[in-house]
file run_4.cif (mmCIF, C-alpha atoms)
data_data
loop_
_atom_site.label_atom_id
_atom_site.label_comp_id
_atom_site.auth_asym_id
_atom_site.auth_seq_id
_atom_site.Cartn_x
_atom_site.Cartn_y
_atom_site.Cartn_z
CA MET K 88 -57.27 61.31 -16.21
CA PRO K 89 -55.16 63.26 -13.65
CA GLN K 90 -55.83 60.62 -10.97
CA GLU K 91 -54.78 57.87 -13.38
CA LEU K 92 -51.54 59.72 -14.13
CA LEU K 93 -50.85 60.29 -10.43
CA ARG K 94 -51.50 56.62 -9.61
CA GLU K 95 -49.08 55.62 -12.35
CA MET K 96 -46.45 58.01 -10.94
CA VAL K 97 -46.84 56.58 -7.43
CA GLU K 98 -46.57 52.99 -8.69
CA GLN K 99 -43.55 53.77 -10.83
CA HIS K 100 -41.60 56.11 -8.56
CA GLY K 101 -42.97 55.67 -5.02
CA ASN K 102 -40.24 53.35 -3.76
CA SER K 103 -37.48 55.42 -5.34
CA ILE K 104 -38.79 58.62 -3.78
CA TYR K 105 -38.95 56.91 -0.37
CA ARG K 106 -35.38 55.57 -0.71
CA LEU K 107 -34.13 59.04 -1.66
CA ALA K 108 -35.79 60.58 1.40
CA LEU K 109 -34.57 57.77 3.68
CA ARG K 110 -30.96 58.16 2.59
CA TYR K 111 -31.16 61.93 2.82
CA THR K 112 -32.77 62.09 6.27
CA GLY K 113 -31.79 58.80 7.89
CA ASP K 114 -35.27 58.58 9.45
CA ARG K 115 -37.89 56.11 8.20
CA PHE K 116 -40.87 58.07 9.47
CA LEU K 117 -39.63 61.34 8.08
CA ALA K 118 -38.88 59.62 4.77
CA GLU K 119 -42.47 58.33 4.61
CA ASP K 120 -43.77 61.85 5.31
CA ILE K 121 -41.56 63.33 2.60
CA ALA K 122 -42.64 60.67 0.09
CA GLN K 123 -46.30 61.36 0.83
CA GLU K 124 -45.77 65.11 0.67
CA THR K 125 -43.99 64.70 -2.66
CA PHE K 126 -47.03 63.08 -4.23
CA LEU K 127 -49.41 65.56 -2.59
CA ARG K 128 -47.44 68.40 -4.14
CA ALA K 129 -47.28 66.54 -7.44
CA CYS K 130 -51.06 66.19 -7.34
CA ALA K 131 -51.46 69.91 -6.64
CA GLY K 132 -49.09 70.80 -9.48
CA LEU K 133 -50.30 68.18 -11.95
CA GLN K 134 -51.88 70.79 -14.24
CA SER K 135 -48.48 72.43 -14.73
CA TYR K 136 -46.67 69.13 -15.37
CA ASP K 137 -45.45 68.74 -18.96
CA ARG K 138 -46.58 65.23 -19.90
CA SER K 139 -44.15 65.06 -22.81
CA ARG K 140 -41.30 64.85 -20.28
CA PRO K 141 -40.53 61.96 -17.91
CA ALA K 142 -42.11 62.20 -14.47
CA GLY K 143 -39.09 60.87 -12.56
CA PRO K 144 -36.88 63.96 -12.58
CA TRP K 145 -39.86 66.18 -11.75
CA LEU K 146 -40.80 64.02 -8.76
CA PHE K 147 -37.20 63.68 -7.58
CA ARG K 148 -36.82 67.46 -7.68
CA ILE K 149 -39.94 67.88 -5.52
CA ALA K 150 -38.69 65.24 -3.06
CA LEU K 151 -35.19 66.68 -2.93
CA ASN K 152 -36.55 70.17 -2.27
CA LEU K 153 -38.70 68.78 0.55
CA CYS K 154 -35.63 67.04 2.04
CA ARG K 155 -33.65 70.27 1.86
CA ASN K 156 -36.51 72.23 3.46
CA ARG K 157 -36.80 69.73 6.32
CA ARG K 158 -33.04 69.90 6.89
CA ARG K 159 -33.15 73.68 6.98
CA ALA K 160 -36.10 73.64 9.35
CA ALA K 161 -34.49 71.14 11.71
CA ARG K 162 -30.98 72.57 11.22
CA GLU K 163 -29.71 69.07 11.76
CA ILE K 164 -30.20 65.67 10.19
CA PRO K 165 -30.85 62.86 12.68
CA VAL K 166 -27.58 61.14 13.52
CA GLU K 167 -28.93 57.64 14.09
CA GLU K 168 -30.52 55.54 11.42
CA ARG K 169 -32.41 52.51 12.54
CA VAL K 170 -31.89 49.78 10.01
CA ALA K 171 -34.04 46.71 10.50
CA ALA K 172 -32.78 43.47 9.08
CA GLU K 173 -35.26 41.90 6.74
CA ALA K 174 -36.29 38.35 7.61
CA ASP K 175 -34.04 35.98 5.73
CA PRO K 176 -33.82 32.41 6.89
CA GLY K 177 -30.40 31.93 5.22
CA PRO K 178 -27.94 34.19 7.05
CA GLY K 179 -27.41 33.86 10.76
CA PRO K 180 -27.42 36.58 13.40
CA GLU K 181 -23.72 37.30 12.95
CA HIS K 182 -24.15 37.95 9.22
CA ILE K 183 -27.16 40.16 9.89
CA TYR K 184 -25.23 42.13 12.53
CA LEU K 185 -22.28 42.68 10.19
CA GLN K 186 -24.64 43.75 7.40
CA GLN K 187 -26.36 46.24 9.71
CA GLU K 188 -23.02 47.53 10.95
CA THR K 189 -21.82 48.09 7.39
CA GLU K 190 -25.08 49.81 6.45
CA GLN K 191 -24.87 52.08 9.50
CA GLU K 192 -21.25 52.99 8.73
CA LEU K 193 -22.14 53.81 5.14
CA ALA K 194 -25.20 55.83 6.18
CA GLY K 195 -23.15 57.74 8.77
CA ALA K 196 -20.35 58.49 6.31
CA LEU K 197 -22.92 59.58 3.71
CA ARG K 198 -24.61 61.94 6.17
CA ALA K 199 -21.22 63.43 7.07
CA LEU K 200 -20.66 64.56 3.48
CA PRO K 201 -21.60 68.08 2.39
CA PRO K 202 -25.14 68.06 0.92
CA ILE K 203 -24.01 68.84 -2.63
CA TYR K 204 -22.06 65.58 -2.74
CA ARG K 205 -24.54 63.54 -0.69
CA GLU K 206 -27.39 64.43 -3.04
CA VAL K 207 -25.68 63.28 -6.23
CA LEU K 208 -24.44 60.07 -4.59
CA ILE K 209 -27.92 59.21 -3.34
CA LEU K 210 -29.52 59.96 -6.69
CA LYS K 211 -26.92 57.89 -8.56
CA HIS K 212 -26.31 54.91 -6.31
CA VAL K 213 -29.54 54.57 -4.33
CA ASN K 214 -32.03 55.64 -6.98
CA ASP K 215 -30.01 54.49 -10.02
CA LEU K 216 -30.57 57.71 -11.95
CA SER K 217 -28.46 58.41 -15.02
CA TYR K 218 -26.16 61.42 -15.17
CA ALA K 219 -28.66 63.19 -17.42
CA GLU K 220 -31.52 62.52 -14.99
CA ILE K 221 -29.47 63.79 -12.04
CA SER K 222 -28.63 66.87 -14.09
CA ALA K 223 -32.33 67.47 -14.72
CA VAL K 224 -33.32 66.87 -11.08
CA LEU K 225 -30.69 69.20 -9.64
CA GLY K 226 -30.68 71.72 -12.49
CA LEU K 227 -26.91 71.35 -12.95
CA LYS K 228 -24.71 70.94 -15.99
CA LEU K 229 -23.76 67.36 -16.79
CA SER K 230 -20.06 68.07 -16.23
CA LEU K 231 -20.80 69.41 -12.74
CA VAL K 232 -22.84 66.30 -11.88
CA LYS K 233 -19.94 64.08 -12.95
CA ASN K 234 -17.48 66.20 -10.99
CA ARG K 235 -19.58 66.08 -7.82
CA LEU K 236 -20.01 62.32 -8.14
CA TYR K 237 -16.27 61.85 -8.54
CA ARG K 238 -15.41 64.09 -5.59
CA GLY K 239 -18.24 62.69 -3.48
CA ARG K 240 -17.02 59.12 -4.00
CA ILE K 241 -13.50 60.14 -2.96
CA MET K 242 -14.79 61.94 0.12
CA LEU K 243 -17.02 58.97 1.04
CA ARG K 244 -14.15 56.51 0.64
CA GLU K 245 -11.87 58.68 2.80
CA ALA K 246 -14.53 59.10 5.49
CA LEU K 247 -15.07 55.33 5.61
CA GLN K 248 -11.35 54.60 5.77
CA LYS K 249 -10.69 57.14 8.51
CA GLY K 250 -13.92 56.51 10.39
CA GLU K 251 -14.72 60.23 10.39
CA TYR K 252 -18.49 60.11 10.72
CA ASP K 253 -21.26 59.79 13.30
CA ARG K 254 -22.53 56.30 13.92
#
call {"tool": "encode", "arguments": {"input": "run_4.cif", "output": "structure tokens"}}
result
Amino acid sequence: MPQELLREMVEQHGNSIYRLALRYTGDRFLAEDIAQETFLRACAGLQSYDRSRPAGPWLFRIALNLCRNRRRAAREIPVEERVAAEADPGPGPEHIYLQQETEQELAGALRALPPIYREVLILKHVNDLSYAEISAVLGLKLSLVKNRLYRGRIMLREALQKGEYDR
């Protein structure tokens, strides 16, 4: 039964956990490690998991804590993010280059934000969590989540307009 539940969690939330870690760290390999560690910790803590509640916020909280711990341990998030263009026969090399450039600018501007704003933006716009789910993941009041999203969007827009971020 616990293995069945864990398999279901991985199938349902594995990609979202990886995307969260990738946006937070900017490193694909580190993101894979964090995603794996998230599910290892979930497996170890499965007996304490309240099955009447959704698994998503619980898993996102584990992943976010792991991201924070890695940042503290490294004292710096990697500056460069290697974004590989997926094979698409439609767009040409110029389109792919512009897409990568835009993605790198966005990732750089996102990493330049203070963590409290970066976290809510990643959870909302990368992982498509609702305000209530973000509130549960971060343990914050709903009004504070909305406030941080609002301020984070403003800060992100300003950073992109001014070019004040590491590429």
call {"tool": "closest_residue", "arguments": {"input": "run_4.cif", "among": "K:Gln99, K:Leu153, K:Leu92, K:Leu193", "to": "Ala118 in chain K", "atoms": "all atoms listed in the file"}}
result
K:Leu153
call {"tool": "residues_around", "arguments": {"input": "run_4.cif", "residues": "Leu231 in chain K", "least_positions_apart": "2", "cutoff": "12 Å", "atoms": "only C-alpha atoms", "output": "ChimeraX atom specification"}}
result
/K:203-204,207,218-219,221-223,225-229,233-239
call {"tool": "atom_distance", "arguments": {"input": "run_4.cif", "atom1": "CA of Pro144 in chain K", "atom2": "CA of Glu192 in chain K"}}
result
28.6 Å
call {"tool": "resolve_selection", "arguments": {"input": "run_4.cif", "expression": "the PyMOL selection byres ((chain K and resi 136-143) around 12)", "output": "MDAnalysis selection string"}}
result
chainID K and resid 88:89 92:104 125:126 128:135 144:151 210 214:217 219:221 223:224
call {"tool": "write_last_selection", "arguments": {"input": "run_4.cif", "atoms": "C-alpha atoms", "output": "mmCIF file, in the frame of the given file"}}
result
data_model
loop_
_atom_site.group_PDB
_atom_site.id
_atom_site.type_symbol
_atom_site.label_atom_id
_atom_site.label_comp_id
_atom_site.auth_asym_id
_atom_site.auth_seq_id
_atom_site.Cartn_x
_atom_site.Cartn_y
_atom_site.Cartn_z
ATOM 1 C CA MET K 88 -57.270 61.310 -16.210
ATOM 2 C CA PRO K 89 -55.160 63.260 -13.650
ATOM 3 C CA LEU K 92 -51.540 59.720 -14.130
ATOM 4 C CA LEU K 93 -50.850 60.290 -10.430
ATOM 5 C CA ARG K 94 -51.500 56.620 -9.610
ATOM 6 C CA GLU K 95 -49.080 55.620 -12.350
ATOM 7 C CA MET K 96 -46.450 58.010 -10.940
ATOM 8 C CA VAL K 97 -46.840 56.580 -7.430
ATOM 9 C CA GLU K 98 -46.570 52.990 -8.690
ATOM 10 C CA GLN K 99 -43.550 53.770 -10.830
ATOM 11 C CA HIS K 100 -41.600 56.110 -8.560
ATOM 12 C CA GLY K 101 -42.970 55.670 -5.020
ATOM 13 C CA ASN K 102 -40.240 53.350 -3.760
ATOM 14 C CA SER K 103 -37.480 55.420 -5.340
ATOM 15 C CA ILE K 104 -38.790 58.620 -3.780
ATOM 16 C CA THR K 125 -43.990 64.700 -2.660
ATOM 17 C CA PHE K 126 -47.030 63.080 -4.230
ATOM 18 C CA ARG K 128 -47.440 68.400 -4.140
ATOM 19 C CA ALA K 129 -47.280 66.540 -7.440
ATOM 20 C CA CYS K 130 -51.060 66.190 -7.340
ATOM 21 C CA ALA K 131 -51.460 69.910 -6.640
ATOM 22 C CA GLY K 132 -49.090 70.800 -9.480
ATOM 23 C CA LEU K 133 -50.300 68.180 -11.950
ATOM 24 C CA GLN K 134 -51.880 70.790 -14.240
ATOM 25 C CA SER K 135 -48.480 72.430 -14.730
ATOM 26 C CA PRO K 144 -36.880 63.960 -12.580
ATOM 27 C CA TRP K 145 -39.860 66.180 -11.750
ATOM 28 C CA LEU K 146 -40.800 64.020 -8.760
ATOM 29 C CA PHE K 147 -37.200 63.680 -7.580
ATOM 30 C CA ARG K 148 -36.820 67.460 -7.680
ATOM 31 C CA ILE K 149 -39.940 67.880 -5.520
ATOM 32 C CA ALA K 150 -38.690 65.240 -3.060
ATOM 33 C CA LEU K 151 -35.190 66.680 -2.930
ATOM 34 C CA LEU K 210 -29.520 59.960 -6.690
ATOM 35 C CA ASN K 214 -32.030 55.640 -6.980
ATOM 36 C CA ASP K 215 -30.010 54.490 -10.020
ATOM 37 C CA LEU K 216 -30.570 57.710 -11.950
ATOM 38 C CA SER K 217 -28.460 58.410 -15.020
ATOM 39 C CA ALA K 219 -28.660 63.190 -17.420
ATOM 40 C CA GLU K 220 -31.520 62.520 -14.990
ATOM 41 C CA ILE K 221 -29.470 63.790 -12.040
ATOM 42 C CA ALA K 223 -32.330 67.470 -14.720
ATOM 43 C CA VAL K 224 -33.320 66.870 -11.080
#
call {"tool": "resolve_selection", "arguments": {"input": "run_4.cif", "expression": "the PyMOL selection byres ((chain K and resi 110) around 10)", "output": "PyMOL selection string"}}
result
chain K and resi 105-109+111-115+118+168+194-195+197-198+205-206+208-210+213-214
call {"tool": "atom_distance", "arguments": {"input": "run_4.cif", "atom1": "CA of Phe116 in chain K", "atom2": "CA of Tyr184 in chain K"}}
result
22.5 Å
call {"tool": "atom_distance", "arguments": {"input": "run_4.cif", "atom1": "CA of Ala199 in chain K", "atom2": "CA of Arg240 in chain K"}}
result
12.6 Å
call {"tool": "closest_residue", "arguments": {"input": "run_4.cif", "among": "K:Cys154, K:Ala160, K:Leu117, K:Leu185", "to": "Pro202 in chain K", "atoms": "all atoms listed in the file"}}
result
K:Cys154
call {"tool": "closest_residue", "arguments": {"input": "run_4.cif", "among": "K:Ile183, K:Ala196, K:Val232, K:Leu127", "to": "Leu247 in chain K", "atoms": "only C-alpha atoms"}}
result
K:Ala196
